[in-house]
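The file data05.txt contains compact mmCIF, C-alpha atoms:
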# COMPACT_ATOMS: atom_id res chain seq x y z
CA MET A 1 290.39 33.32 212.43
CA SER A 2 290.65 31.45 209.15
CA ASP A 3 287.68 33.42 207.78
CA LEU A 4 289.31 36.67 208.86
CA LYS A 5 292.55 35.72 207.11
CA THR A 6 290.59 34.99 203.92
CA GLN A 7 288.87 38.37 204.19
CA ILE A 8 292.21 40.18 204.72
CA ILE A 9 293.72 38.45 201.68
CA ALA A 10 290.73 39.41 199.54
CA GLN A 11 290.52 43.00 200.79
CA LEU A 12 294.23 43.66 200.29
CA ASN A 13 294.54 41.53 197.14
CA LEU A 14 297.49 39.64 198.63
CA GLN A 15 298.45 37.60 195.62
CA ASP A 16 300.06 34.20 196.18
CA VAL A 17 299.22 34.33 199.91
CA LYS A 18 297.01 31.62 201.42
CA PRO A 19 295.26 31.82 204.81
CA GLU A 20 297.58 29.14 206.19
CA ASP A 21 300.60 31.28 205.24
CA ILE A 22 299.60 33.87 207.84
CA ALA A 23 300.38 32.86 211.42
CA ASP A 24 297.89 33.98 214.07
CA ASP A 25 300.45 36.10 215.91
CA GLN A 26 302.51 37.19 212.90
CA PRO A 27 302.86 41.00 212.73
CA LEU A 28 300.74 42.39 209.88
CA PHE A 29 302.79 45.51 209.29
CA VAL A 30 306.41 46.19 208.34
CA GLU A 31 308.44 43.07 209.13
CA GLY A 32 305.52 40.65 209.04
CA LEU A 33 303.19 40.72 206.06
CA GLY A 34 304.74 44.03 205.06
CA LEU A 35 301.51 46.02 205.02
CA ASP A 36 301.55 49.82 204.93
CA SER A 37 299.35 52.83 205.75
CA ILE A 38 297.02 52.34 202.76
CA ASP A 39 296.45 48.76 203.92
CA ALA A 40 295.57 50.10 207.38
CA LEU A 41 292.78 52.12 205.77
CA GLU A 42 291.63 49.03 203.88
CA LEU A 43 291.50 47.05 207.15
CA ILE A 44 289.41 49.79 208.79
CA VAL A 45 286.99 49.54 205.85
CA LEU A 46 286.97 45.73 206.21
CA LEU A 47 285.96 45.99 209.89
CA GLN A 48 283.12 48.32 208.98
CA GLN A 49 281.90 46.40 205.96
CA GLN A 50 282.11 42.88 207.35
CA TYR A 51 281.51 43.38 211.08
CA LYS A 52 279.86 46.81 211.37
CA ILE A 53 282.59 47.87 213.75
CA LYS A 54 283.84 51.42 213.54
CA LEU A 55 287.31 52.07 214.86
CA SER A 56 286.51 55.30 216.69
CA ASN A 57 289.90 55.92 218.29
CA ALA A 58 292.73 56.10 215.74
CA GLU A 59 295.30 55.52 218.49
CA GLU A 60 293.88 52.02 218.94
CA GLY A 61 294.94 51.15 215.37
CA PRO A 62 298.47 49.81 215.98
CA LYS A 63 297.21 47.63 218.86
CA VAL A 64 294.16 46.29 216.99
CA PHE A 65 295.98 45.61 213.73
CA ARG A 66 299.12 44.11 215.28
CA SER A 67 298.18 40.57 214.18
CA VAL A 68 295.24 38.49 213.02
CA ARG A 69 294.71 37.37 216.64
CA THR A 70 294.48 40.96 217.97
CA MET A 71 292.04 41.82 215.17
CA ALA A 72 289.93 38.76 215.96
CA GLU A 73 289.92 39.61 219.68
CA TYR A 74 288.85 43.19 218.92
CA ILE A 75 286.06 41.94 216.62
CA THR A 76 284.84 39.41 219.24
CA ALA A 77 284.82 42.03 222.00
CA HIS A 78 283.02 44.66 219.95
CA GLN A 79 280.54 42.32 218.30
CA SER A 80 279.39 41.05 221.69
CA ARG A 81 279.18 44.69 222.84
CA ASN A 82 277.03 45.50 219.79
CA VAL A 83 274.76 42.55 220.60
CA MET B 1 315.21 64.34 168.27
CA TYR B 2 315.71 60.62 168.38
CA ILE B 3 313.61 57.63 169.37
CA ARG B 4 316.17 55.66 171.32
CA ALA B 5 313.96 52.91 172.72
CA THR B 6 310.40 51.63 172.82
CA GLY B 7 308.22 49.48 175.05
CA ASN B 8 304.84 48.31 173.85
CA ILE B 9 302.04 46.18 175.22
CA SER B 10 299.29 45.79 172.66
CA ALA B 11 296.80 43.34 171.19
CA GLN B 12 299.74 41.85 169.30
CA LYS B 13 302.86 40.13 170.62
CA THR B 14 304.92 43.27 170.99
CA PHE B 15 306.29 43.11 174.52
CA GLY B 16 309.82 41.86 175.07
CA HIS B 17 310.88 42.92 171.57
CA PRO B 18 310.02 39.72 169.67
CA PRO B 19 310.66 39.75 165.89
CA PHE B 20 308.67 42.74 164.61
CA LEU B 21 305.06 41.60 164.02
CA ALA B 22 306.29 38.23 162.77
CA GLU B 23 303.13 36.65 164.17
CA THR B 24 299.74 38.31 164.24
CA ALA B 25 296.94 37.66 166.69
CA GLU B 26 293.50 37.52 165.12
CA TYR B 27 290.40 38.52 167.07
CA THR B 28 286.81 37.63 166.33
CA GLY B 29 284.31 40.09 167.70
CA ASN B 30 284.59 43.81 168.16
CA ARG B 31 287.09 43.94 171.02
CA LEU B 32 290.87 43.54 170.95
CA SER B 33 292.57 42.95 174.30
CA CYS B 34 296.22 43.37 175.10
CA ILE B 35 298.53 40.37 175.26
CA GLU B 36 300.04 40.80 178.69
CA PRO B 37 303.38 39.55 179.98
CA ASP B 38 304.25 38.09 183.37
CA TYR B 39 304.59 41.31 185.30
CA LYS B 40 306.51 39.83 188.21
CA THR B 41 309.79 40.11 186.36
CA PHE B 42 309.27 43.87 185.99
CA ILE B 43 307.29 44.95 189.02
CA ASP B 44 307.64 44.14 192.73
CA VAL B 45 304.91 41.68 193.77
CA LYS B 46 303.98 43.94 196.70
CA LEU B 47 303.26 46.76 194.25
CA ILE B 48 301.48 44.58 191.68
CA ARG B 49 298.67 43.71 194.08
CA ARG B 50 297.52 47.34 194.14
CA MET B 51 297.82 47.90 190.42
CA SER B 52 294.92 47.45 188.03
CA ARG B 53 295.56 45.96 184.60
CA ILE B 54 296.21 49.30 182.84
CA ILE B 55 298.67 50.42 185.51
CA ARG B 56 300.61 47.18 185.16
CA MET B 57 300.60 47.52 181.39
CA GLY B 58 301.81 51.12 181.51
CA VAL B 59 304.48 50.54 184.12
CA ALA B 60 305.81 47.39 182.40
CA ALA B 61 305.94 49.08 178.97
CA ALA B 62 307.78 52.05 180.50
CA MET B 63 310.26 49.80 182.31
CA GLU B 64 310.96 47.82 179.15
CA CYS B 65 311.57 51.06 177.27
CA LEU B 66 313.99 52.39 179.92
CA GLN B 67 315.82 49.05 180.03
CA GLU B 68 316.31 49.05 176.27
CA ALA B 69 317.57 52.63 176.38
CA ASP B 70 319.77 51.80 179.37
CA VAL B 71 318.47 54.94 181.06
CA LYS B 72 317.93 54.64 184.82
CA ILE B 73 316.32 58.03 185.45
CA PRO B 74 314.86 60.06 182.55
CA ASP B 75 314.88 63.85 182.79
CA ALA B 76 311.10 63.88 182.34
CA ILE B 77 308.15 61.48 182.35
CA VAL B 78 305.18 62.52 180.20
CA THR B 79 302.09 60.38 179.73
CA GLY B 80 298.95 60.74 177.67
CA THR B 81 295.64 59.01 178.31
CA ALA B 82 292.08 59.75 177.30
CA TYR B 83 290.25 57.31 179.56
CA GLY B 84 292.71 57.12 182.46
CA CYS B 85 292.53 54.18 184.84
CA LEU B 86 288.98 53.18 183.97
CA GLU B 87 288.85 49.89 185.86
CA ASP B 88 289.63 51.56 189.20
CA THR B 89 287.30 54.46 188.37
CA GLY B 90 284.49 51.98 187.70
CA LEU B 91 285.29 50.07 190.88
CA PHE B 92 285.33 53.21 193.00
CA LEU B 93 282.06 54.55 191.57
CA THR B 94 280.38 51.13 191.95
CA LYS B 95 281.41 51.01 195.63
CA MET B 96 280.04 54.51 196.12
CA VAL B 97 276.66 53.31 194.93
CA GLU B 98 276.80 49.95 196.76
CA PHE B 99 277.78 51.43 200.12
CA ASN B 100 275.74 54.60 199.86
CA GLU B 101 278.82 56.83 199.57
CA GLU B 102 280.35 55.39 202.73
CA LEU B 103 283.03 52.80 203.48
CA LEU B 104 284.97 53.48 200.31
CA THR B 105 288.17 51.55 199.81
CA PRO B 106 291.10 53.93 199.39
CA THR B 107 293.13 51.93 196.85
CA ALA B 108 290.70 52.19 193.93
CA PHE B 109 290.29 55.92 194.57
CA ILE B 110 294.03 56.57 194.78
CA GLN B 111 294.72 54.54 191.63
CA SER B 112 291.85 55.90 189.55
CA THR B 113 293.36 59.24 188.59
CA HIS B 114 294.64 59.93 185.08
CA ASN B 115 298.19 60.63 186.26
CA THR B 116 298.48 57.36 188.23
CA ILE B 117 300.76 55.62 185.73
CA GLY B 118 303.18 58.50 185.29
CA ALA B 119 303.27 58.93 189.07
CA GLN B 120 303.77 55.20 189.66
CA ILE B 121 306.70 55.14 187.23
CA GLY B 122 308.20 58.15 189.03
CA LEU B 123 307.75 56.46 192.43
CA MET B 124 309.28 53.19 191.28
CA LEU B 125 312.29 54.97 189.79
CA GLN B 126 312.53 57.40 192.72
CA CYS B 127 312.50 60.01 189.97
CA ASN B 128 311.60 63.52 191.14
CA ASN B 129 312.05 65.09 187.72
CA TYR B 130 309.34 66.70 185.59
CA ASN B 131 306.24 64.49 185.52
CA ASN B 132 303.13 65.43 183.61
CA ALA B 133 300.01 63.71 182.30
CA PHE B 134 297.89 64.91 179.38
CA VAL B 135 294.20 64.10 179.17
CA HIS B 136 293.17 65.59 175.84
CA ARG B 137 290.82 62.96 174.42
CA GLY B 138 292.04 62.03 170.92
CA PHE B 139 295.06 64.35 171.30
CA SER B 140 296.28 62.89 174.60
CA PHE B 141 299.31 61.08 173.17
CA GLU B 142 300.10 63.87 170.72
CA SER B 143 300.00 66.43 173.54
CA ALA B 144 302.35 64.30 175.66
CA LEU B 145 304.65 63.89 172.67
CA LEU B 146 304.61 67.61 171.95
CA ASP B 147 305.49 68.35 175.57
CA GLY B 148 308.39 65.90 175.38
CA MET B 149 309.60 67.40 172.11
CA LEU B 150 309.47 70.92 173.55
CA LEU B 151 311.41 69.86 176.65
CA LEU B 152 314.12 68.44 174.40
CA LYS B 153 314.12 71.36 172.00
CA GLU B 154 314.36 73.93 174.77
CA LYS B 155 317.15 71.88 176.38
CA GLU B 156 315.11 71.43 179.55
CA ALA B 157 315.78 67.70 179.24
CA ALA B 158 318.19 65.40 177.41
CA THR B 159 316.05 62.28 177.76
CA VAL B 160 312.26 62.13 178.03
CA LEU B 161 310.07 59.09 178.62
CA VAL B 162 306.84 59.65 176.69
CA GLY B 163 303.98 57.19 176.68
CA ALA B 164 300.31 56.60 175.98
CA ILE B 165 298.00 54.33 177.90
CA ASP B 166 294.34 53.50 177.40
CA GLU B 167 292.24 50.52 178.35
CA ILE B 168 288.84 49.19 177.44
CA THR B 169 286.83 47.72 180.30
CA ASN B 170 283.56 45.81 180.30
CA ILE B 171 281.71 48.94 181.42
CA SER B 172 283.29 51.27 178.85
CA HIS B 173 282.89 48.69 176.08
CA THR B 174 279.18 48.35 176.89
CA ILE B 175 278.66 52.12 176.95
CA LEU B 176 280.60 52.76 173.73
CA SER B 177 278.82 49.82 172.02
CA ARG B 178 275.46 51.33 172.91
CA MET B 179 276.65 54.58 171.35
CA GLY B 180 277.23 52.67 168.12
CA PHE B 181 281.01 52.98 168.07
CA TYR B 182 281.67 49.31 167.39
CA LYS B 183 280.68 46.75 164.78
CA GLN B 184 277.90 44.32 165.55
CA GLY B 185 278.32 40.55 165.31
CA ALA B 186 281.37 38.44 164.56
CA VAL B 187 284.12 40.35 162.79
CA SER B 188 287.62 39.08 162.10
CA SER B 189 290.14 41.81 162.96
CA LEU B 190 292.51 40.72 160.20
CA GLN B 191 289.69 40.92 157.66
CA LEU B 192 288.81 44.51 158.62
CA PHE B 193 290.02 46.02 155.34
CA LYS B 194 289.61 43.02 153.01
CA LYS B 195 286.43 44.56 151.68
CA ASN B 196 286.66 48.34 151.46
CA PRO B 197 284.58 49.57 154.45
CA VAL B 198 283.53 52.67 152.50
CA ALA B 199 282.38 50.69 149.47
CA ILE B 200 280.24 48.33 151.54
CA GLY B 201 279.06 51.04 153.97
CA SER B 202 280.43 49.18 156.99
CA LYS B 203 279.41 50.76 160.28
CA GLY B 204 281.46 50.93 163.45
CA THR B 205 285.01 49.98 164.31
CA ILE B 206 286.72 47.49 166.64
CA ALA B 207 287.63 48.43 170.21
CA GLY B 208 291.27 48.51 171.17
CA GLU B 209 293.66 49.38 173.95
CA GLY B 210 297.38 49.63 174.53
CA ALA B 211 300.38 50.96 176.41
CA ALA B 212 303.32 52.24 174.39
CA PHE B 213 306.35 54.16 175.65
CA PHE B 214 309.21 55.89 173.88
CA LEU B 215 312.51 57.18 175.14
CA LEU B 216 313.23 60.38 173.25
CA ALA B 217 316.70 61.89 173.34
CA ASN B 218 318.42 65.03 172.12
CA GLU B 219 321.59 63.29 171.08
CA PRO B 220 321.82 60.38 168.64
CA SER B 221 323.06 56.96 169.71
CA SER B 222 324.10 53.88 167.77
CA THR B 223 320.89 52.05 168.68
CA ASP B 224 318.26 54.66 167.77
CA TYR B 225 315.14 53.53 165.97
CA ALA B 226 314.42 56.71 164.05
CA LYS B 227 314.25 60.49 164.17
CA LEU B 228 311.04 62.22 165.16
CA ASP B 229 310.93 65.18 162.79
CA GLY B 230 307.55 66.75 163.37
CA LEU B 231 304.10 66.69 164.85
CA LYS B 232 300.96 68.63 164.04
CA THR B 233 297.43 68.45 165.39
CA PHE B 234 294.26 70.10 164.16
CA TYR B 235 290.76 69.93 165.55
CA LYS B 236 287.41 69.45 163.84
CA PRO B 237 288.26 70.40 160.24
CA GLN B 238 285.38 71.63 158.10
CA GLY B 239 286.01 69.13 155.32
CA VAL B 240 288.60 67.17 153.35
CA LYS B 241 289.84 70.37 151.70
CA GLU B 242 290.87 71.78 155.07
CA ILE B 243 292.56 68.49 155.96
CA GLU B 244 294.49 68.63 152.68
CA GLU B 245 295.61 72.16 153.48
CA HIS B 246 296.87 71.08 156.90
CA ILE B 247 298.81 68.15 155.42
CA LEU B 248 300.34 70.29 152.69
CA SER B 249 301.37 73.03 155.12
CA PHE B 250 302.88 70.38 157.43
CA LEU B 251 305.01 68.99 154.62
CA ASP B 252 305.88 72.51 153.50
CA ALA B 253 307.02 73.41 157.02
CA HIS B 254 309.45 70.49 156.81
CA SER B 255 310.51 71.42 153.29
CA ILE B 256 309.40 68.14 151.76
CA THR B 257 306.84 66.94 149.22
CA PHE B 258 304.96 63.67 148.82
CA ASN B 259 307.82 62.40 146.67
CA ASP B 260 310.02 62.46 149.78
CA ILE B 261 307.70 60.20 151.76
CA ASP B 262 308.29 56.47 151.40
CA LEU B 263 305.30 55.31 153.39
CA VAL B 264 302.06 56.73 154.74
CA ILE B 265 300.49 55.05 157.75
CA THR B 266 296.79 55.85 157.93
CA GLY B 267 294.45 55.51 160.87
CA LYS B 268 291.67 53.69 158.99
CA ASN B 269 289.48 51.85 161.46
CA GLY B 270 286.94 49.95 159.35
CA ASP B 271 284.11 52.43 159.82
CA ALA B 272 282.90 53.81 156.48
CA LYS B 273 282.28 57.30 157.85
CA SER B 274 285.77 57.50 159.30
CA ASP B 275 287.61 55.80 156.43
CA GLU B 276 285.96 57.94 153.77
CA ILE B 277 288.40 60.72 154.65
CA PHE B 278 291.42 58.49 154.14
CA ASP B 279 290.05 57.16 150.85
CA ARG B 280 289.53 60.69 149.57
CA LEU B 281 293.09 61.65 150.53
CA GLN B 282 294.42 58.59 148.72
CA GLN B 283 292.73 59.90 145.59
CA THR B 284 293.96 63.48 145.99
CA LEU B 285 297.21 63.63 148.01
CA PHE B 286 298.63 60.15 148.60
CA THR B 287 298.18 59.14 144.96
CA LYS B 288 301.73 57.91 144.48
CA ASN B 289 302.53 56.94 148.05
CA ASN B 290 302.51 53.47 149.53
CA THR B 291 299.99 53.38 152.33
CA ILE B 292 299.37 50.88 155.12
CA ASN B 293 296.85 50.64 157.95
CA TYR B 294 297.37 49.56 161.56
CA LYS B 295 294.10 49.52 163.49
CA HIS B 296 293.29 45.94 162.44
CA LEU B 297 296.19 45.03 164.76
CA CYS B 298 295.57 47.26 167.78
CA GLY B 299 291.93 48.34 167.48
CA GLU B 300 290.57 51.87 167.75
CA TYR B 301 291.22 53.94 170.88
CA PRO B 302 292.03 57.60 171.50
CA THR B 303 295.78 57.08 171.86
CA ALA B 304 296.20 54.56 169.03
CA THR B 305 298.74 56.83 167.29
CA ALA B 306 301.26 55.60 169.88
CA PHE B 307 300.95 52.13 168.30
CA ALA B 308 301.40 53.71 164.85
CA LEU B 309 304.53 55.53 166.01
CA TRP B 310 305.91 52.29 167.47
CA MET B 311 305.19 50.60 164.14
CA ALA B 312 306.81 53.38 162.09
CA ALA B 313 309.91 53.36 164.29
CA ASN B 314 310.24 49.58 163.87
CA ILE B 315 309.67 49.72 160.11
CA ILE B 316 312.44 52.29 159.76
CA LYS B 317 314.81 50.42 162.08
CA SER B 318 314.22 47.00 160.52
CA GLY B 319 313.94 48.36 157.00
CA ALA B 320 311.03 46.01 156.30
CA VAL B 321 307.26 46.07 156.40
CA PRO B 322 305.81 42.89 157.96
CA ALA B 323 303.34 40.87 155.91
CA ALA B 324 300.55 41.64 158.39
CA LEU B 325 300.56 45.25 157.22
CA GLU B 326 299.71 44.32 153.63
CA TYR B 327 302.35 46.55 152.10
CA SER B 328 301.82 46.98 148.39
CA GLY B 329 305.04 48.84 147.62
CA SER B 330 308.24 47.48 146.20
CA LYS B 331 310.29 45.55 148.73
CA GLU B 332 313.47 46.93 147.21
CA ASN B 333 312.56 50.46 148.30
CA THR B 334 314.18 51.31 151.60
CA ILE B 335 311.79 53.14 153.84
CA LYS B 336 313.50 56.23 155.14
CA ARG B 337 310.64 58.60 155.82
CA VAL B 338 307.18 57.82 157.16
CA LEU B 339 304.15 60.05 157.54
CA ILE B 340 301.47 59.01 160.04
CA TYR B 341 298.05 60.55 159.52
CA ASN B 342 295.37 59.69 162.04
CA HIS B 343 292.05 61.07 163.09
CA TYR B 344 289.86 60.13 166.02
CA GLN B 345 286.16 60.47 165.25
CA ASN B 346 286.94 63.18 162.69
CA LEU B 347 287.56 65.54 165.59
CA HIS B 348 291.16 65.04 166.58
CA HIS B 349 293.48 64.91 163.56
CA SER B 350 297.22 64.43 163.82
CA LEU B 351 300.28 64.18 161.62
CA LEU B 352 303.64 62.71 162.63
CA LEU B 353 306.78 62.68 160.54
CA ILE B 354 309.48 60.10 161.25
CA SER B 355 312.68 59.47 159.36
CA ALA B 356 315.77 57.27 159.39
CA CYS B 357 318.71 58.48 161.46
Go ahead and express the file in the form of structure tokens.
Amino acid sequence: MSDLKTQIIAQLNLQDVKPEDIADDQPLFVEGLGLDSIDALELIVLLQQQYKIKLSNAEEGPKVFRSVRTMAEYITAHQSRNV
Amino acid sequence: MYIRATGNISAQKTFGHPPFLAETAEYTGNRLSCIEPDYKTFIDVKLIRRMSRIIRMGVAAAMECLQEADVKIPDAIVTGTAYGCLEDTGLFLTKMVEFNEELLTPTAFIQSTHNTIGAQIGLMLQCNNYNNAFVHRGFSFESALLDGMLLLKEKEAATVLVGAIDEITNISHTILSRMGFYKQGAVSSLQLFKKNPVAIGSKGTIAGEGAAFFLLANEPSSTDYAKLDGLKTFYKPQGVKEIEEHILSFLDAHSITFNDIDLVITGKNGDAKSDEIFDRLQQTLFTKNNTINYKHLCGEYPTATAFALWMAANIIKSGAVPAALEYSGSKENTIKRVLIYNHYQNLHHSLLLISAC
């Protein structure tokens, strides 16, 4: 999950944020890290670029991107499916 | 109309209104880069992360200008840029190639348009008033200024925020260098005019960039810098004779002669081909006028006249010409009227007339 946090910080250019500043279950949007809809698009691109995972169902977005842990779980599930 | 406030980020220490060009930054090489402030005091950190360098520069210069004018929401925001947000454009195009036109990150695309800075200022201010961006190569700033002046003259607005923004990036600098725009080898920016570029046949200029904003108002205030009396542009003149005719008709339209002008600011850039025009005019028209140059301080770029206007406004307000400008006139003479004459690649020529309030 630490690698994923580093990738999120780089993709979103979160200045002054370190991986350890982001808790595994901390909400990414609104009250948590304060991300917005453009960031959601950036995270979709990150999944495709880094993990070759395409988020096919847009309605899954809020669930997948709720926290770093939910993202990591989604990646693990879909990477093993791809294998 | 009146120049009530300014905000300027340039290759000199101009941001934050330090003493007017009291110190000068010298550059060796053919590229002058802006001296940038700590943006966090002007822009929300959450917004900064999405902004490229030129957007930060533009937004910060605009905010400083509005703060000085004590204007929360201007009646119009007008920007001029020739290159636009080049860094994001380069990033977006590079990603297109790298990822075979797929998986493109939205931020660079959204922020790469030429009206990004004007729009970002409007968003930050929650200002839904008139907002326009002019992309007219070497006339970009002049076109924005003309739009602002017309809005004021036609009473469509009482206050207009007008600005010019252009950046030089590694990619654009490489391309323009290959086109022969810039000098080769080590060049000291402050030595640009020490030896007459025309006499020694010096080729190329020095690259520059900048973000300068002005708050123009219909009504005078006690803190105005200067009055903006007139603006004229003309494209691709046939020769110096035609340029002379344009200058004379401009002065005639304002019912003045060269005797009424205390200072001429010329857009010499160190390239013999470009400066030849200014030298000829000094022999024919500006024979008795004090003239100074400015591009050794900010470099050459399509909206460099914004730096010249900032300089003229400060000269009039402070009543003094800083040493860096190598003023040869008498220090006792108060400068009340300034003519700026600039041309960009002998295509885009412009004249600006500024006077004391």
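The smallest atom-to-atom distance between chain B and any of A:Ala72, A:Leu28, A:Ile22, A:Ile9, using all atoms listed in the file, is found for A:Ile9.
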Item checked: Interface, chain A side, toward chain B (12 Å; only C-alpha atoms) as a VMD selection string -> chain A and resid 9 to 17 33 to 50 52 to 54
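Ranking A:Gln26, A:Tyr51, A:Ser2, A:Glu31 by their shortest atom-to-atom distance to Gln79 of chain A, with only C-alpha atoms included, puts A:Tyr51 first.
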Check: Skipping near chain neighbours, those fewer than 2 positions away, what residues fall within 10 Å of Leu91 of chain B using all atoms listed in the file, listed as a VMD selection string?
Finding: chain B and resid 86 to 89 93 to 96 105 108 to 109 112
Show which residues sit within 9 Å of Gly148 of chain B, as a CSV table (one decimal) with C-alpha atoms, in the coordinates of the input. Count only C-alpha atoms, and ignore same-chain residues fewer than 3 positions away.
chain,number,residue,atom,x,y,z
B,76,ALA,CA,311.1,63.9,182.3
B,77,ILE,CA,308.2,61.5,182.4
B,78,VAL,CA,305.2,62.5,180.2
B,143,SER,CA,300.0,66.4,173.5
B,144,ALA,CA,302.4,64.3,175.7
B,145,LEU,CA,304.6,63.9,172.7
B,151,LEU,CA,311.4,69.9,176.6
B,152,LEU,CA,314.1,68.4,174.4
B,153,LYS,CA,314.1,71.4,172.0
B,157,ALA,CA,315.8,67.7,179.2
B,159,THR,CA,316.0,62.3,177.8
B,160,VAL,CA,312.3,62.1,178.0
B,161,LEU,CA,310.1,59.1,178.6
B,162,VAL,CA,306.8,59.6,176.7
B,216,LEU,CA,313.2,60.4,173.2
Notebook entry, point to check: Can you tell me, as an MDAnalysis selection string, what residues are no more than 10 Å from Ile335 of chain B when counting all atoms listed in the file, ignoring any on the same chain fewer than 5 positions away?
Noted result: chainID B and resid 261:263 312 315:321 355:356
Next item on the list: For atom CA of Ala164 of chain B and atom CA of Thr223 of chain B, quote the distance in Å rounded to one decimal.
Entry: 22.3 Å
Residue rebuild result segment 145-159 of chain B, N, CA, C and O atoms as a PDB file, keeping the file's coordinate frame:
ATOM      1  N   LEU B 145     303.497  63.908 173.574  1.00  0.00           N
ATOM      2  CA  LEU B 145     304.650  63.890 172.670  1.00  0.00           C
ATOM      3  C   LEU B 145     305.164  65.303 172.413  1.00  0.00           C
ATOM      4  O   LEU B 145     306.371  65.560 172.437  1.00  0.00           O
ATOM      5  N   LEU B 146     304.237  66.219 172.200  1.00  0.00           N
ATOM      6  CA  LEU B 146     304.610  67.610 171.950  1.00  0.00           C
ATOM      7  C   LEU B 146     305.334  68.184 173.167  1.00  0.00           C
ATOM      8  O   LEU B 146     306.347  68.884 173.023  1.00  0.00           O
ATOM      9  N   ASP B 147     304.836  67.883 174.353  1.00  0.00           N
ATOM     10  CA  ASP B 147     305.490  68.350 175.570  1.00  0.00           C
ATOM     11  C   ASP B 147     306.914  67.810 175.650  1.00  0.00           C
ATOM     12  O   ASP B 147     307.858  68.553 175.944  1.00  0.00           O
ATOM     13  N   GLY B 148     307.067  66.520 175.364  1.00  0.00           N
ATOM     14  CA  GLY B 148     308.390  65.900 175.380  1.00  0.00           C
ATOM     15  C   GLY B 148     309.318  66.534 174.359  1.00  0.00           C
ATOM     16  O   GLY B 148     310.487  66.812 174.646  1.00  0.00           O
ATOM     17  N   MET B 149     308.788  66.788 173.173  1.00  0.00           N
ATOM     18  CA  MET B 149     309.600  67.400 172.110  1.00  0.00           C
ATOM     19  C   MET B 149     310.036  68.807 172.505  1.00  0.00           C
ATOM     20  O   MET B 149     311.175  69.215 172.251  1.00  0.00           O
ATOM     21  N   LEU B 150     309.133  69.555 173.133  1.00  0.00           N
ATOM     22  CA  LEU B 150     309.470  70.920 173.550  1.00  0.00           C
ATOM     23  C   LEU B 150     310.528  70.909 174.652  1.00  0.00           C
ATOM     24  O   LEU B 150     311.448  71.734 174.648  1.00  0.00           O
ATOM     25  N   LEU B 151     310.399  69.957 175.577  1.00  0.00           N
ATOM     26  CA  LEU B 151     311.410  69.860 176.650  1.00  0.00           C
ATOM     27  C   LEU B 151     312.793  69.597 176.065  1.00  0.00           C
ATOM     28  O   LEU B 151     313.787  70.152 176.530  1.00  0.00           O
ATOM     29  N   LEU B 152     312.836  68.749 175.038  1.00  0.00           N
ATOM     30  CA  LEU B 152     314.120  68.440 174.400  1.00  0.00           C
ATOM     31  C   LEU B 152     314.629  69.632 173.600  1.00  0.00           C
ATOM     32  O   LEU B 152     315.795  70.007 173.680  1.00  0.00           O
ATOM     33  N   LYS B 153     313.724  70.251 172.857  1.00  0.00           N
ATOM     34  CA  LYS B 153     314.120  71.360 172.000  1.00  0.00           C
ATOM     35  C   LYS B 153     314.608  72.560 172.809  1.00  0.00           C
ATOM     36  O   LYS B 153     315.558  73.244 172.429  1.00  0.00           O
ATOM     37  N   GLU B 154     313.970  72.791 173.938  1.00  0.00           N
ATOM     38  CA  GLU B 154     314.360  73.930 174.770  1.00  0.00           C
ATOM     39  C   GLU B 154     315.473  73.561 175.750  1.00  0.00           C
ATOM     40  O   GLU B 154     315.786  74.324 176.658  1.00  0.00           O
ATOM     41  N   LYS B 155     316.018  72.367 175.570  1.00  0.00           N
ATOM     42  CA  LYS B 155     317.150  71.880 176.380  1.00  0.00           C
ATOM     43  C   LYS B 155     316.808  71.801 177.879  1.00  0.00           C
ATOM     44  O   LYS B 155     317.672  71.921 178.740  1.00  0.00           O
ATOM     45  N   GLU B 156     315.527  71.625 178.162  1.00  0.00           N
ATOM     46  CA  GLU B 156     315.110  71.430 179.550  1.00  0.00           C
ATOM     47  C   GLU B 156     315.392  69.982 179.963  1.00  0.00           C
ATOM     48  O   GLU B 156     315.422  69.668 181.142  1.00  0.00           O
ATOM     49  N   ALA B 157     315.524  69.121 178.978  1.00  0.00           N
ATOM     50  CA  ALA B 157     315.780  67.700 179.240  1.00  0.00           C
ATOM     51  C   ALA B 157     316.626  67.125 178.114  1.00  0.00           C
ATOM     52  O   ALA B 157     316.576  67.613 176.980  1.00  0.00           O
ATOM     53  N   ALA B 158     317.408  66.110 178.447  1.00  0.00           N
ATOM     54  CA  ALA B 158     318.190  65.400 177.410  1.00  0.00           C
ATOM     55  C   ALA B 158     317.526  64.072 177.063  1.00  0.00           C
ATOM     56  O   ALA B 158     317.695  63.554 175.967  1.00  0.00           O
ATOM     57  N   THR B 159     316.794  63.528 178.013  1.00  0.00           N
ATOM     58  CA  THR B 159     316.050  62.280 177.760  1.00  0.00           C
ATOM     59  C   THR B 159     314.640  62.429 178.342  1.00  0.00           C
ATOM     60  O   THR B 159     314.471  62.902 179.469  1.00  0.00           O
TER      61      THR B 159
END
